[in-house]
Structure formats: structure tokens, C-alpha cells
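Participant: input.cif (mmCIF, C-alpha atoms and all ligand atoms) pasted underneath:
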```cif
data_model
loop_
_atom_site.group_PDB
_atom_site.id
_atom_site.type_symbol
_atom_site.label_atom_id
_atom_site.label_comp_id
_atom_site.auth_asym_id
_atom_site.auth_seq_id
_atom_site.Cartn_x
_atom_site.Cartn_y
_atom_site.Cartn_z
ATOM 1 C CA MET A 1 -5.533 -29.368 -18.674
ATOM 2 C CA LYS A 2 -6.741 -27.716 -15.503
ATOM 3 C CA PHE A 3 -8.289 -24.980 -17.577
ATOM 4 C CA ALA A 4 -10.085 -27.515 -19.752
ATOM 5 C CA LYS A 5 -11.555 -29.167 -16.661
ATOM 6 C CA LYS A 6 -12.729 -25.828 -15.331
ATOM 7 C CA LEU A 7 -14.231 -24.978 -18.678
ATOM 8 C CA ILE A 8 -16.156 -28.245 -18.768
ATOM 9 C CA ALA A 9 -17.375 -27.649 -15.218
ATOM 10 C CA VAL A 10 -18.602 -24.181 -16.140
ATOM 11 C CA LEU A 11 -20.274 -25.399 -19.331
ATOM 12 C CA ALA A 12 -22.048 -28.137 -17.395
ATOM 13 C CA LEU A 13 -23.665 -25.425 -15.280
ATOM 14 C CA VAL A 14 -25.180 -23.674 -18.272
ATOM 15 C CA PRO A 15 -28.695 -25.092 -18.411
ATOM 16 C CA GLY A 16 -29.866 -26.394 -21.729
ATOM 17 C CA LEU A 17 -26.439 -26.426 -23.328
ATOM 18 C CA ALA A 18 -25.457 -30.027 -22.812
ATOM 19 C CA PHE A 19 -28.938 -31.504 -22.696
ATOM 20 C CA ALA A 20 -31.301 -29.431 -24.756
ATOM 21 C CA ALA A 21 -34.033 -32.050 -24.446
ATOM 22 C CA GLU A 22 -34.652 -31.262 -20.801
ATOM 23 C CA SER A 23 -37.309 -33.903 -20.453
ATOM 24 C CA GLY A 24 -35.143 -36.700 -21.832
ATOM 25 C CA PHE A 25 -37.933 -37.454 -24.302
ATOM 26 C CA ALA A 26 -36.357 -39.258 -27.255
ATOM 27 C CA LEU A 27 -36.070 -36.948 -30.270
ATOM 28 C CA GLU A 28 -37.381 -38.174 -33.593
ATOM 29 C CA PRO A 29 -35.182 -37.545 -36.629
ATOM 30 C CA ALA A 30 -36.611 -34.752 -38.806
ATOM 31 C CA PRO A 31 -37.213 -35.889 -42.385
ATOM 32 C CA GLU A 32 -34.905 -34.222 -44.913
ATOM 33 C CA ARG A 33 -36.973 -31.589 -46.790
ATOM 34 C CA SER A 34 -34.656 -29.075 -48.399
ATOM 35 C CA ASP A 35 -36.212 -28.576 -51.867
ATOM 36 C CA LEU A 36 -37.534 -25.105 -52.634
ATOM 37 C CA ALA A 37 -41.223 -26.092 -52.504
ATOM 38 C CA SER A 38 -40.780 -27.412 -48.940
ATOM 39 C CA LEU A 39 -38.887 -24.312 -47.842
ATOM 40 C CA GLN A 40 -41.570 -22.075 -49.355
ATOM 41 C CA ASN A 41 -44.313 -24.018 -47.608
ATOM 42 C CA GLY A 42 -42.305 -23.787 -44.373
ATOM 43 C CA ALA A 43 -41.927 -20.012 -44.798
ATOM 44 C CA ARG A 44 -45.675 -19.664 -45.267
ATOM 45 C CA LEU A 45 -46.422 -21.713 -42.148
ATOM 46 C CA PHE A 46 -43.832 -19.756 -40.207
ATOM 47 C CA VAL A 47 -45.226 -16.350 -41.159
ATOM 48 C CA ASN A 48 -48.829 -17.409 -40.536
ATOM 49 C CA HIS A 49 -48.405 -19.348 -37.309
ATOM 50 C CA CYS A 50 -45.276 -18.185 -35.517
ATOM 51 C CA LEU A 51 -44.636 -14.481 -36.161
ATOM 52 C CA ASN A 52 -47.669 -13.417 -34.109
ATOM 53 C CA CYS A 53 -45.619 -14.144 -31.006
ATOM 54 C CA HIS A 54 -42.027 -14.752 -32.105
ATOM 55 C CA SER A 55 -39.663 -12.559 -34.059
ATOM 56 C CA ALA A 56 -36.887 -13.600 -36.401
ATOM 57 C CA SER A 57 -35.027 -10.361 -36.181
ATOM 58 C CA ALA A 58 -31.935 -11.529 -38.050
ATOM 59 C CA MET A 59 -34.057 -12.265 -41.108
ATOM 60 C CA ARG A 60 -35.247 -9.869 -43.820
ATOM 61 C CA TYR A 61 -38.402 -10.689 -45.771
ATOM 62 C CA ASN A 62 -36.719 -10.078 -49.122
ATOM 63 C CA ARG A 63 -34.102 -12.695 -48.274
ATOM 64 C CA LEU A 64 -36.901 -15.163 -49.107
ATOM 65 C CA ARG A 65 -35.907 -14.561 -52.744
ATOM 66 C CA ASP A 66 -33.120 -17.036 -51.986
ATOM 67 C CA ILE A 67 -35.719 -19.806 -51.672
ATOM 68 C CA GLY A 68 -37.236 -18.955 -55.024
ATOM 69 C CA LEU A 69 -39.947 -16.428 -54.129
ATOM 70 C CA THR A 70 -40.347 -13.225 -56.093
ATOM 71 C CA GLU A 71 -40.615 -9.867 -54.357
ATOM 72 C CA GLU A 72 -44.224 -9.741 -55.579
ATOM 73 C CA GLN A 73 -45.061 -13.114 -54.014
ATOM 74 C CA ILE A 74 -43.450 -12.073 -50.738
ATOM 75 C CA LYS A 75 -45.404 -8.792 -50.715
ATOM 76 C CA ASN A 76 -48.746 -10.357 -51.596
ATOM 77 C CA ASN A 77 -48.637 -13.515 -49.520
ATOM 78 C CA LEU A 78 -46.273 -13.141 -46.618
ATOM 79 C CA LEU A 79 -46.233 -9.521 -45.530
ATOM 80 C CA PHE A 80 -48.505 -8.053 -42.931
ATOM 81 C CA THR A 81 -49.674 -4.589 -43.913
ATOM 82 C CA GLN A 82 -47.305 -2.659 -41.665
ATOM 83 C CA ASP A 83 -44.200 -4.532 -42.795
ATOM 84 C CA LYS A 84 -41.807 -3.589 -45.593
ATOM 85 C CA VAL A 85 -40.319 -6.165 -47.940
ATOM 86 C CA GLY A 86 -36.801 -5.027 -46.976
ATOM 87 C CA GLY A 87 -37.647 -5.073 -43.274
ATOM 88 C CA MET A 88 -36.807 -7.599 -40.580
ATOM 89 C CA MET A 89 -39.232 -10.291 -39.436
ATOM 90 C CA THR A 90 -40.319 -8.656 -36.230
ATOM 91 C CA THR A 91 -43.342 -9.432 -34.104
ATOM 92 C CA ALA A 92 -46.122 -7.079 -33.162
ATOM 93 C CA MET A 93 -46.266 -8.584 -29.671
ATOM 94 C CA ARG A 94 -44.584 -6.534 -26.981
ATOM 95 C CA PRO A 95 -42.318 -8.509 -24.618
ATOM 96 C CA ASP A 96 -44.175 -7.135 -21.566
ATOM 97 C CA ASP A 97 -47.514 -8.313 -22.916
ATOM 98 C CA ALA A 98 -46.073 -11.730 -23.754
ATOM 99 C CA LYS A 99 -44.710 -12.032 -20.239
ATOM 100 C CA ALA A 100 -48.084 -11.118 -18.780
ATOM 101 C CA TRP A 101 -50.058 -13.441 -21.055
ATOM 102 C CA PHE A 102 -47.809 -16.491 -21.159
ATOM 103 C CA GLY A 103 -45.463 -16.044 -18.219
ATOM 104 C CA ALA A 104 -42.523 -16.206 -20.627
ATOM 105 C CA VAL A 105 -41.281 -14.132 -23.532
ATOM 106 C CA PRO A 106 -41.285 -16.079 -26.830
ATOM 107 C CA PRO A 107 -37.619 -16.326 -27.869
ATOM 108 C CA ASP A 108 -36.368 -14.975 -31.203
ATOM 109 C CA LEU A 109 -36.371 -17.843 -33.694
ATOM 110 C CA SER A 110 -33.673 -16.603 -36.122
ATOM 111 C CA VAL A 111 -31.045 -19.129 -35.084
ATOM 112 C CA MET A 112 -33.147 -21.462 -32.927
ATOM 113 C CA ALA A 113 -32.379 -24.440 -35.190
ATOM 114 C CA ARG A 114 -28.690 -24.043 -34.464
ATOM 115 C CA ALA A 115 -29.138 -23.256 -30.784
ATOM 116 C CA LYS A 116 -31.049 -26.466 -30.132
ATOM 117 C CA ALA A 117 -28.450 -28.897 -31.469
ATOM 118 C CA SER A 118 -27.339 -31.272 -28.697
ATOM 119 C CA PRO A 119 -25.933 -34.770 -28.184
ATOM 120 C CA SER A 120 -29.521 -36.093 -28.217
ATOM 121 C CA GLY A 121 -30.142 -34.857 -31.765
ATOM 122 C CA SER A 122 -29.772 -32.040 -34.274
ATOM 123 C CA GLY A 123 -31.616 -28.757 -33.895
ATOM 124 C CA ALA A 124 -33.978 -29.969 -36.622
ATOM 125 C CA ASP A 125 -34.760 -33.166 -34.671
ATOM 126 C CA TYR A 126 -35.447 -31.083 -31.572
ATOM 127 C CA LEU A 127 -37.832 -28.721 -33.349
ATOM 128 C CA TYR A 128 -39.543 -31.527 -35.266
ATOM 129 C CA THR A 129 -40.241 -33.451 -32.074
ATOM 130 C CA TYR A 130 -41.164 -30.356 -30.068
ATOM 131 C CA LEU A 131 -43.701 -29.091 -32.609
ATOM 132 C CA ARG A 132 -45.403 -32.502 -32.895
ATOM 133 C CA THR A 133 -45.707 -33.417 -29.209
ATOM 134 C CA PHE A 134 -48.104 -30.833 -27.825
ATOM 135 C CA TYR A 135 -51.018 -32.333 -25.912
ATOM 136 C CA LYS A 136 -54.089 -31.054 -24.111
ATOM 137 C CA ASP A 137 -53.539 -30.596 -20.379
ATOM 138 C CA ASP A 138 -56.191 -28.746 -18.376
ATOM 139 C CA THR A 139 -53.837 -28.217 -15.449
ATOM 140 C CA ARG A 140 -51.770 -25.786 -17.546
ATOM 141 C CA PRO A 141 -52.715 -22.075 -17.911
ATOM 142 C CA THR A 142 -52.783 -22.308 -21.726
ATOM 143 C CA GLY A 143 -54.529 -25.694 -21.695
ATOM 144 C CA TRP A 144 -51.522 -27.271 -23.452
ATOM 145 C CA ASN A 145 -48.409 -29.166 -22.458
ATOM 146 C CA ASN A 146 -45.469 -30.611 -24.371
ATOM 147 C CA MET A 147 -43.340 -33.760 -24.203
ATOM 148 C CA VAL A 148 -40.015 -32.109 -25.085
ATOM 149 C CA VAL A 149 -40.468 -29.028 -22.898
ATOM 150 C CA PRO A 150 -42.675 -30.085 -19.970
ATOM 151 C CA ASN A 151 -44.902 -27.266 -18.680
ATOM 152 C CA VAL A 152 -44.022 -25.097 -21.652
ATOM 153 C CA ALA A 153 -45.570 -21.622 -21.749
ATOM 154 C CA MET A 154 -46.296 -21.855 -25.487
ATOM 155 C CA PRO A 155 -49.769 -23.011 -26.531
ATOM 156 C CA HIS A 156 -50.221 -25.540 -29.342
ATOM 157 C CA VAL A 157 -50.567 -23.153 -32.257
ATOM 158 C CA MET A 158 -51.353 -25.755 -34.923
ATOM 159 C CA TRP A 159 -53.933 -27.736 -32.978
ATOM 160 C CA GLN A 160 -56.595 -27.203 -35.601
ATOM 161 C CA GLU A 161 -54.327 -28.916 -38.129
ATOM 162 C CA GLN A 162 -53.131 -31.726 -35.847
ATOM 163 C CA GLY A 163 -56.330 -32.216 -33.880
ATOM 164 C CA VAL A 164 -56.533 -32.506 -30.105
ATOM 165 C CA ARG A 165 -54.556 -35.203 -28.311
ATOM 166 C CA VAL A 166 -53.967 -36.151 -24.687
ATOM 167 C CA ALA A 167 -50.893 -37.931 -23.359
ATOM 168 C CA LYS A 168 -51.273 -41.218 -21.518
ATOM 169 C CA PHE A 169 -48.959 -41.948 -18.626
ATOM 170 C CA ALA A 170 -48.613 -45.145 -16.598
ATOM 171 C CA ASP A 171 -47.028 -45.628 -13.203
ATOM 172 C CA ALA A 172 -44.335 -48.268 -13.357
ATOM 173 C CA PRO A 173 -42.206 -49.505 -10.456
ATOM 174 C CA ASN A 174 -38.821 -47.838 -10.405
ATOM 175 C CA PRO A 175 -36.266 -50.653 -10.713
ATOM 176 C CA GLY A 176 -33.651 -48.659 -8.797
ATOM 177 C CA VAL A 177 -35.641 -47.752 -5.679
ATOM 178 C CA SER A 178 -38.048 -50.157 -4.005
ATOM 179 C CA GLY A 179 -41.518 -48.823 -3.282
ATOM 180 C CA ASN A 180 -40.900 -45.960 -5.722
ATOM 181 C CA THR A 181 -42.742 -45.567 -9.002
ATOM 182 C CA THR A 182 -41.960 -43.611 -12.138
ATOM 183 C CA HIS A 183 -44.439 -41.769 -14.301
ATOM 184 C CA GLN A 184 -43.940 -43.112 -17.805
ATOM 185 C CA PHE A 185 -45.315 -41.849 -21.075
ATOM 186 C CA VAL A 186 -47.097 -44.614 -22.967
ATOM 187 C CA GLY A 187 -48.591 -42.779 -25.937
ATOM 188 C CA PHE A 188 -51.020 -40.196 -27.264
ATOM 189 C CA GLN A 189 -54.747 -40.582 -27.549
ATOM 190 C CA GLN A 190 -56.460 -38.618 -30.306
ATOM 191 C CA LEU A 191 -59.579 -36.828 -29.004
ATOM 192 C CA SER A 192 -60.595 -35.073 -32.190
ATOM 193 C CA GLN A 193 -59.357 -35.132 -35.755
ATOM 194 C CA GLY A 194 -57.546 -32.148 -37.209
ATOM 195 C CA THR A 195 -57.883 -30.679 -40.671
ATOM 196 C CA MET A 196 -54.787 -32.662 -41.681
ATOM 197 C CA THR A 197 -54.073 -36.376 -41.461
ATOM 198 C CA GLN A 198 -51.164 -37.338 -39.236
ATOM 199 C CA GLN A 199 -49.005 -37.886 -42.322
ATOM 200 C CA GLU A 200 -49.891 -34.441 -43.694
ATOM 201 C CA PHE A 201 -49.195 -32.815 -40.348
ATOM 202 C CA ASP A 202 -45.796 -34.519 -40.080
ATOM 203 C CA THR A 203 -44.882 -33.352 -43.588
ATOM 204 C CA ALA A 204 -46.040 -29.794 -42.897
ATOM 205 C CA THR A 205 -44.006 -29.760 -39.677
ATOM 206 C CA ALA A 206 -40.967 -31.114 -41.528
ATOM 207 C CA ASP A 207 -41.319 -28.241 -44.038
ATOM 208 C CA LEU A 208 -41.596 -25.706 -41.230
ATOM 209 C CA VAL A 209 -38.490 -27.180 -39.562
ATOM 210 C CA ALA A 210 -36.595 -27.150 -42.886
ATOM 211 C CA TYR A 211 -37.419 -23.464 -43.149
ATOM 212 C CA LEU A 212 -36.221 -22.825 -39.569
ATOM 213 C CA VAL A 213 -32.963 -24.645 -40.376
ATOM 214 C CA TRP A 214 -32.482 -22.633 -43.578
ATOM 215 C CA MET A 215 -33.237 -19.382 -41.721
ATOM 216 C CA ALA A 216 -30.613 -20.175 -39.086
ATOM 217 C CA GLU A 217 -27.990 -20.125 -41.826
ATOM 218 C CA PRO A 218 -29.433 -18.719 -45.066
ATOM 219 C CA ALA A 219 -25.933 -18.279 -46.464
ATOM 220 C CA GLN A 220 -24.962 -21.933 -46.189
ATOM 221 C CA ASP A 221 -25.422 -22.659 -49.889
ATOM 222 C CA THR A 222 -23.368 -19.636 -50.862
ATOM 223 C CA ARG A 223 -20.772 -20.558 -48.265
ATOM 224 C CA LYS A 224 -20.370 -24.069 -49.653
ATOM 225 C CA LYS A 225 -20.125 -22.829 -53.266
ATOM 226 C CA LEU A 226 -17.635 -20.169 -52.202
ATOM 227 C CA GLY A 227 -15.542 -22.839 -50.459
ATOM 228 C CA VAL A 228 -15.125 -24.760 -53.697
ATOM 229 C CA ILE A 229 -14.125 -21.620 -55.602
ATOM 230 C CA VAL A 230 -11.602 -20.694 -52.903
ATOM 231 C CA LEU A 231 -10.041 -24.171 -53.054
ATOM 232 C CA LEU A 232 -9.799 -24.024 -56.853
ATOM 233 C CA PHE A 233 -8.171 -20.620 -56.652
ATOM 234 C CA MET A 234 -5.686 -21.829 -54.047
ATOM 235 C CA SER A 235 -4.618 -24.800 -56.178
ATOM 236 C CA LEU A 236 -4.159 -22.565 -59.217
ATOM 237 C CA PHE A 237 -2.187 -20.113 -57.126
ATOM 238 C CA ALA A 238 0.000 -22.874 -55.698
ATOM 239 C CA PHE A 239 0.748 -24.080 -59.207
ATOM 240 C CA LEU A 240 1.739 -20.567 -60.366
ATOM 241 C CA ALA A 241 3.930 -20.099 -57.315
ATOM 242 C CA TRP A 242 5.632 -23.383 -58.066
ATOM 243 C CA LEU A 243 6.297 -22.328 -61.703
ATOM 244 C CA LEU A 244 7.649 -18.976 -60.557
ATOM 245 C CA ASN A 245 9.901 -20.623 -57.999
ATOM 246 C CA LYS A 246 11.251 -22.954 -60.663
ATOM 247 C CA SER A 247 12.083 -20.161 -63.075
ATOM 248 C CA TYR A 248 13.875 -18.087 -60.376
ATOM 249 C CA TRP A 249 16.146 -20.948 -59.368
ATOM 250 C CA LYS A 250 16.994 -21.803 -62.972
ATOM 251 C CA GLU A 251 19.438 -18.840 -62.998
ATOM 252 C CA VAL A 252 21.172 -19.942 -59.799
ATOM 253 C CA LYS A 253 21.994 -23.450 -60.995
HETATM 254 C C1 LIG B 301 -49.289 -17.560 -28.898
HETATM 255 C C2 LIG B 301 -47.886 -17.217 -28.918
HETATM 256 C C3 LIG B 301 -46.934 -18.167 -29.612
HETATM 257 C C4 LIG B 301 -47.005 -18.606 -30.916
HETATM 258 C C5 LIG B 301 -48.037 -18.253 -31.966
HETATM 259 C C6 LIG B 301 -45.856 -19.447 -31.113
HETATM 260 N N1 LIG B 301 -45.113 -19.520 -29.966
HETATM 261 FE FE1 LIG B 301 -43.356 -20.522 -29.749
HETATM 262 N N2 LIG B 301 -43.245 -19.874 -27.802
HETATM 263 C C7 LIG B 301 -44.165 -19.061 -27.173
HETATM 264 C C8 LIG B 301 -43.757 -18.854 -25.804
HETATM 265 C C9 LIG B 301 -44.494 -18.007 -24.770
HETATM 266 C C10 LIG B 301 -42.534 -19.551 -25.636
HETATM 267 C C11 LIG B 301 -41.681 -19.664 -24.365
HETATM 268 C C12 LIG B 301 -41.979 -21.013 -23.769
HETATM 269 C C13 LIG B 301 -41.336 -21.249 -22.427
HETATM 270 O O1 LIG B 301 -40.309 -20.632 -22.135
HETATM 271 O O2 LIG B 301 -41.904 -22.057 -21.663
HETATM 272 C C14 LIG B 301 -42.244 -20.198 -26.914
HETATM 273 C C15 LIG B 301 -41.146 -21.002 -27.153
HETATM 274 C C16 LIG B 301 -40.809 -21.563 -28.370
HETATM 275 C C17 LIG B 301 -39.618 -22.345 -28.637
HETATM 276 C C18 LIG B 301 -38.534 -22.696 -27.617
HETATM 277 C C19 LIG B 301 -38.903 -23.991 -26.942
HETATM 278 C C20 LIG B 301 -37.849 -24.432 -25.945
HETATM 279 O O3 LIG B 301 -37.113 -25.333 -26.247
HETATM 280 O O4 LIG B 301 -37.766 -23.805 -24.875
HETATM 281 C C21 LIG B 301 -39.657 -22.697 -29.950
HETATM 282 C C22 LIG B 301 -38.636 -23.532 -30.700
HETATM 283 C C23 LIG B 301 -40.872 -22.154 -30.499
HETATM 284 N N3 LIG B 301 -41.540 -21.463 -29.512
HETATM 285 C C24 LIG B 301 -41.266 -22.305 -31.821
HETATM 286 C C25 LIG B 301 -42.446 -21.820 -32.338
HETATM 287 C C26 LIG B 301 -42.869 -22.045 -33.716
HETATM 288 C C27 LIG B 301 -42.064 -22.788 -34.765
HETATM 289 C C28 LIG B 301 -44.076 -21.450 -33.851
HETATM 290 C C29 LIG B 301 -44.964 -21.450 -35.069
HETATM 291 C C30 LIG B 301 -45.461 -22.749 -35.474
HETATM 292 C C31 LIG B 301 -44.411 -20.830 -32.559
HETATM 293 N N4 LIG B 301 -43.401 -21.085 -31.681
HETATM 294 C C32 LIG B 301 -45.569 -20.093 -32.317
HETATM 295 C C33 LIG B 301 -45.303 -18.531 -27.737
HETATM 296 C C34 LIG B 301 -45.728 -18.747 -29.031
#
```
Would you give me this structure, written as C-alpha cells?

Facilitator:
Amino acid sequence: MKFAKKLIAVLALVPGLAFAAESGFALEPAPERSDLASLQNGARLFVNHCLNCHSASAMRYNRLRDIGLTEEQIKNNLLFTQDKVGGMMTTAMRPDDAKAWFGAVPPDLSVMARAKASPSGSGADYLYTYLRTFYKDDTRPTGWNNMVVPNVAMPHVMWQEQGVRVAKFADAPNPGVSGNTTHQFVGFQQLSQGTMTQQEFDTATADLVAYLVWMAEPAQDTRKKLGVIVLLFMSLFAFLAWLLNKSYWKEVK
């Protein structure tokens, strides 16, 4: 009991573990997009927009065969010239450069979708909300800010698709403390249209998130199928053991 209390106290000190949505911004549920076409679209977006800065070093390119791509398609559409189809999804950006340019090293995204699960939502909800709530903020070094991770060091990489938005805040009196006001988010204002409509952008982001979720556990389909086979085998085995047991004891009676 004492140990459990200590453990909880220690865990509470680990930042980001209990409350991954640091800002308290409500996470929006990510639409379910797990068909192969969505995953393939997500993989394409991921390779084109994220691998410049992030790695996914637990992931091999040829594993993308599991989402229905042929080795030829992977080679022709998703590989940068220096990469091999059996190689890991690494990034060309050096951590030191990233630190100098952004002030933070882009984290590896292999298992990000699992790491971001929290009581406020699944990892998918976190990523879906995070990737759709970038807004223009000239006070930030990159020119961008984010609702889920305030003062984030990552720029909005899909701004051409989403278009440019600013966030509107209003000062409201804080009900708890007299004379105190809180800075509340009231909504986004679209400054310029992107190449996608909002609906298209949401769908594209949902595909990208579905890919990130798949990548965090590419074996989950196999694991589930294997589970069923194991259970079938166990029941058959139990039956045989029961028959055997019966025939042994027949002699004794
Ligand atoms: C120009 C470089 C760059 C690109 C391209 C980029 N990122 Fe990032 N990303 C960063 C940096 C830098 C951070 C660290 C942010 C911080 O710690 O403030 C980051 C952080 C993140 C995080 C962690 C956020 C958190 O909760 O702390 C996620 C998730 C993420 N990126 C996803 C993506 C995805 C998905 C893409 C592709 C659509 C992408 N990034 C493209 C630079 C980049």
C-alpha cells in the first residue's frame, strides 16, 4: 500500500505522463480511418512532410508491404535517393542542427501514437488535435504556435494545405479570483485559404494519424490473429488432455 502511494507520487512528478495535453485544450476524437487506402495516404504524407525533421527509427520502409504497397511502389514513391528499401526511416537532419534551428530536437515518431495516450484522450486524438491546431503567431521564432502544445518549437508543416489561421483569445473574468482575468481561446480566424478545404484537410490529417497509430504497433493485426489461433490450440489441447486423463483412470477403477 505504502509502495503504491510512493509509486503514484513518483509518477505524478513525471511531466507529460498523466496529462499529455499540457495546455488542457480539449482533444477532438480522431475519425476511425484504418482501411488500406487511408494508411497508404497517411504513409505518403508522413514521408513527404515529417521525415525531413523526424525519424521513425523503429520502422523499416519495406514493412509498408503490410499496408498493401509493393516493394516497387515503396521504392518509386516513398524512398529518398540515399535510402534503401530494407532500411530504417531515419532523418537526414542532425540533432545538433535541429537544436540550433528550432531550439528542440524533433522526437522520434515510431511509437508517438502510443506515448501520447492519456486520460484526456487516445494517442490518436492527441495527434489529430495537435496537427490541426497550429496557428500563425509572430511572437514565436518559427512564426507558428499550437493549441495543444503552447509555444511549440515545431513549425506548421502543412500550412499550405490548411491555409493560414490566427487564434482569437478573449479576456474573461476569472470566477475564482476577483479582479483576475483568464485568457480564453474563442476560435480560429482563417486569413488565407489553403490548397485543401477544411474537410479535406481533416481527412488527410486523420489518414496521417491512422498511419502513425499503425506504425506504433504494426504487428497488431498479426497479434490479434495469433491470439485466436493460440486460443483454439489451447482448447484442442485441453480436450486431448481430458481424453488422455480419462483413459488412464479407466484402468484404476
Ligand atoms: C521543420 C521540422 C519539423 C517537421 C517537418 C515536422 N516536425 Fe514535428 N517537431 C519538430 C520539432 C522541433 C519538435 C519539438 C517541439 C517541441 O519540443 O517544442 C516536434 C515535435 C513533434 C511532436 C511532439 C509534440 C508534443 O506533444 O510535444 C509530434 C507528435 C510531431 N512533431 C509530429 C510531426 C508530424 C506528424 C509531422 C509531419 C506532418 C512533423 N512533426 C513534421 C519539428 C518538425

Participant: Please return, as a PyMOL selection string, all polymer residues that have at least one atom within 9 Å of the point (-37.1, -11.9, -35.6); use only C-alpha atoms and the file's own coordinate frame.

Facilitator: chain A and resi 51+54-60+88-91+107-110

Participant: Expand the PyMOL selection byres (((chain A and resi 161-165) around 8) and not hetatm) into the individual residues it matches in the shown file, reporting them as a short mmCIF file (atom, residue, chain, number, x, y, z; two decimals) with C-alpha atoms, in the frame of the given file.

Facilitator:
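Everything below was put into out_26.cif:
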```cif
data_model
loop_
_atom_site.label_atom_id
_atom_site.label_comp_id
_atom_site.auth_asym_id
_atom_site.auth_seq_id
_atom_site.Cartn_x
_atom_site.Cartn_y
_atom_site.Cartn_z
CA PHE A 134 -48.10 -30.83 -27.82
CA TYR A 135 -51.02 -32.33 -25.91
CA LYS A 136 -54.09 -31.05 -24.11
CA MET A 158 -51.35 -25.76 -34.92
CA TRP A 159 -53.93 -27.74 -32.98
CA GLN A 160 -56.60 -27.20 -35.60
CA VAL A 166 -53.97 -36.15 -24.69
CA ALA A 167 -50.89 -37.93 -23.36
CA PHE A 188 -51.02 -40.20 -27.26
CA GLN A 189 -54.75 -40.58 -27.55
CA GLN A 190 -56.46 -38.62 -30.31
CA LEU A 191 -59.58 -36.83 -29.00
CA SER A 192 -60.60 -35.07 -32.19
CA GLN A 193 -59.36 -35.13 -35.76
CA GLY A 194 -57.55 -32.15 -37.21
CA THR A 195 -57.88 -30.68 -40.67
CA MET A 196 -54.79 -32.66 -41.68
CA THR A 197 -54.07 -36.38 -41.46
CA GLN A 198 -51.16 -37.34 -39.24
CA PHE A 201 -49.20 -32.82 -40.35
#
```

Participant: Could the residues of chain A that have an atom at most 7 Å from ligand LIG 301 (chain B) be listed as CSV, each with its closest atom pair and the distance in Å to one decimal, counting all atoms listed in the file and ordered by chain and ascending residue number?

Facilitator:
```
residue,atom,partner,partner_atom,distance
A:Leu45,CA,B:LIG301,C30,6.8
A:Phe46,CA,B:LIG301,C29,5.5
A:His49,CA,B:LIG301,C29,4.6
A:Cys50,CA,B:LIG301,C29,3.3
A:Leu51,CA,B:LIG301,C5,6.6
A:Asn52,CA,B:LIG301,C5,5.3
A:Cys53,CA,B:LIG301,C2,4.4
A:His54,CA,B:LIG301,N1,6.1
A:Ala98,CA,B:LIG301,C9,6.6
A:Phe102,CA,B:LIG301,C9,5.1
A:Gly103,CA,B:LIG301,C9,6.9
A:Ala104,CA,B:LIG301,C9,4.9
A:Val105,CA,B:LIG301,C9,5.2
A:Pro106,CA,B:LIG301,C8,3.9
A:Pro107,CA,B:LIG301,C15,5.9
A:Leu109,CA,B:LIG301,C22,6.8
A:Met112,CA,B:LIG301,C22,6.3
A:Leu127,CA,B:LIG301,C22,5.9
A:Leu131,CA,B:LIG301,C27,6.9
A:Val149,CA,B:LIG301,O3,6.0
A:Asn151,CA,B:LIG301,O2,6.7
A:Val152,CA,B:LIG301,O2,3.7
A:Ala153,CA,B:LIG301,O2,3.7
A:Met154,CA,B:LIG301,C7,3.9
A:Pro155,CA,B:LIG301,C1,6.0
A:Val157,CA,B:LIG301,C5,5.5
A:Met158,CA,B:LIG301,C30,6.6
```

Participant: Rank A:Glu32, A:Arg44, A:Trp242, A:Lys84 by their smallest atom-to-atom distance to Asn62 (chain A), using only C-alpha atoms, and report the top residue only.

Facilitator: A:Lys84

Participant: Quick one: pull the distance between CA of Ile67 (chain A) and CA of Gln40 (chain A), Å, one decimal.

Facilitator: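 Here the two named atoms are 6.7 Å from each other.
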
Participant: Using the file's own x, y and z axes, so that the box edges lie along x, y and z, what centre and edge lengths in Å (one decimal) does a box around every listed atom of region 231-241 of chain A get when 3 Å is added on each side? Give it as JSON.

Facilitator:
```
{"center_x": -3.1, "center_y": -22.4, "center_z": -56.7, "size_x": 20.0, "size_y": 10.7, "size_z": 13.3}
```

Participant: For Ser23 (chain A), work out the shell of residues within 8 Å, counting only C-alpha atoms and skipping chain neighbours fewer than 3 positions away, then give it as a list in words.

Facilitator: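 My reading of the contact set: Met147, Val148, Val149 and Pro150 of chain A.
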
Participant: Between A:Leu208, A:Leu36, A:Leu232, A:Leu64, which one has atoms that come closest to Tyr128 (chain A), using all atoms listed in the file?

Facilitator: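 Distance minimum relative to Tyr128 (chain A) lands on A:Leu208.
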
Participant: Identify, on the basis of all atoms listed in the file, every residue whose closest approach to Tyr211 (chain A) does not exceed 7 Å; exclude the query and any residue fewer than 5 positions from it along the same chain; express the result as a ChimeraX atom specification.

Facilitator: /A:39,42-43

Participant: In Å, how far is it from CA of Ala113 (chain A) to CA of Trp214 (chain A)?

Facilitator: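 That distance, rounded to one decimal, is 8.6 Å.
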
Participant: Kindly indicate which residue among A:Ala216, A:Leu226, A:Val177, A:Ala210 lies nearest to Asn41 (chain A), using only C-alpha atoms for the distances.

Facilitator: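 Smallest separation from Asn41 (chain A) among the options: A:Ala210.
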
Participant: Between A:Arg65, A:Lys75, A:Arg94, A:Arg132, single out the one closest to Val209 (chain A), counting all atoms listed in the file.

Facilitator: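 Closest to Val209 (chain A), using all atoms listed in the file: A:Arg132.
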
Participant: Work out how far apart CA of Asn180 (chain A) and CA of Lys168 (chain A) are and give it in Å to one decimal.

Facilitator: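 Separation between CA of Asn180 (chain A) and CA of Lys168 (chain A): 19.5 Å.
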
Participant: Can you translate the PyMOL selection byres (((chain A and resi 172) around 7) and not hetatm) into the concrete residues it hits in this file, as JSON, numbers by chain?

Facilitator: {"A": [170, 171, 173, 174, 181, 182, 183, 184]}

Participant: Go through A:Leu79, A:Tyr126, A:Pro119, A:Gly68 one by one, measure the shortest atom-to-atom distance of each to Ser38 (chain A) using all atoms listed in the file, and give the residue with the smallest value.

Facilitator: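 Of the candidates, the smallest distance to Ser38 (chain A) is held by A:Gly68.
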
Participant: When distances are computed from all atoms listed in the file, which of A:Val186, A:Tyr61, A:Ala92, A:Pro31 shows the smallest separation from Asn77 (chain A)?

Facilitator: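 Nearest to Asn77 (chain A): A:Tyr61.
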
Participant: Taking (-37.1, -38.2, -25.9) in the file's own coordinates, collect the residues within 9 Å, counting all atoms listed in the file, and hand them back as a list in words.

Facilitator: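 Final list of nearby residues, as requested, is Ala21, Glu22, Ser23, Gly24, Phe25, Ala26, Leu27, Glu28, Ser120, Thr129, Met147 and Val148 of chain A.
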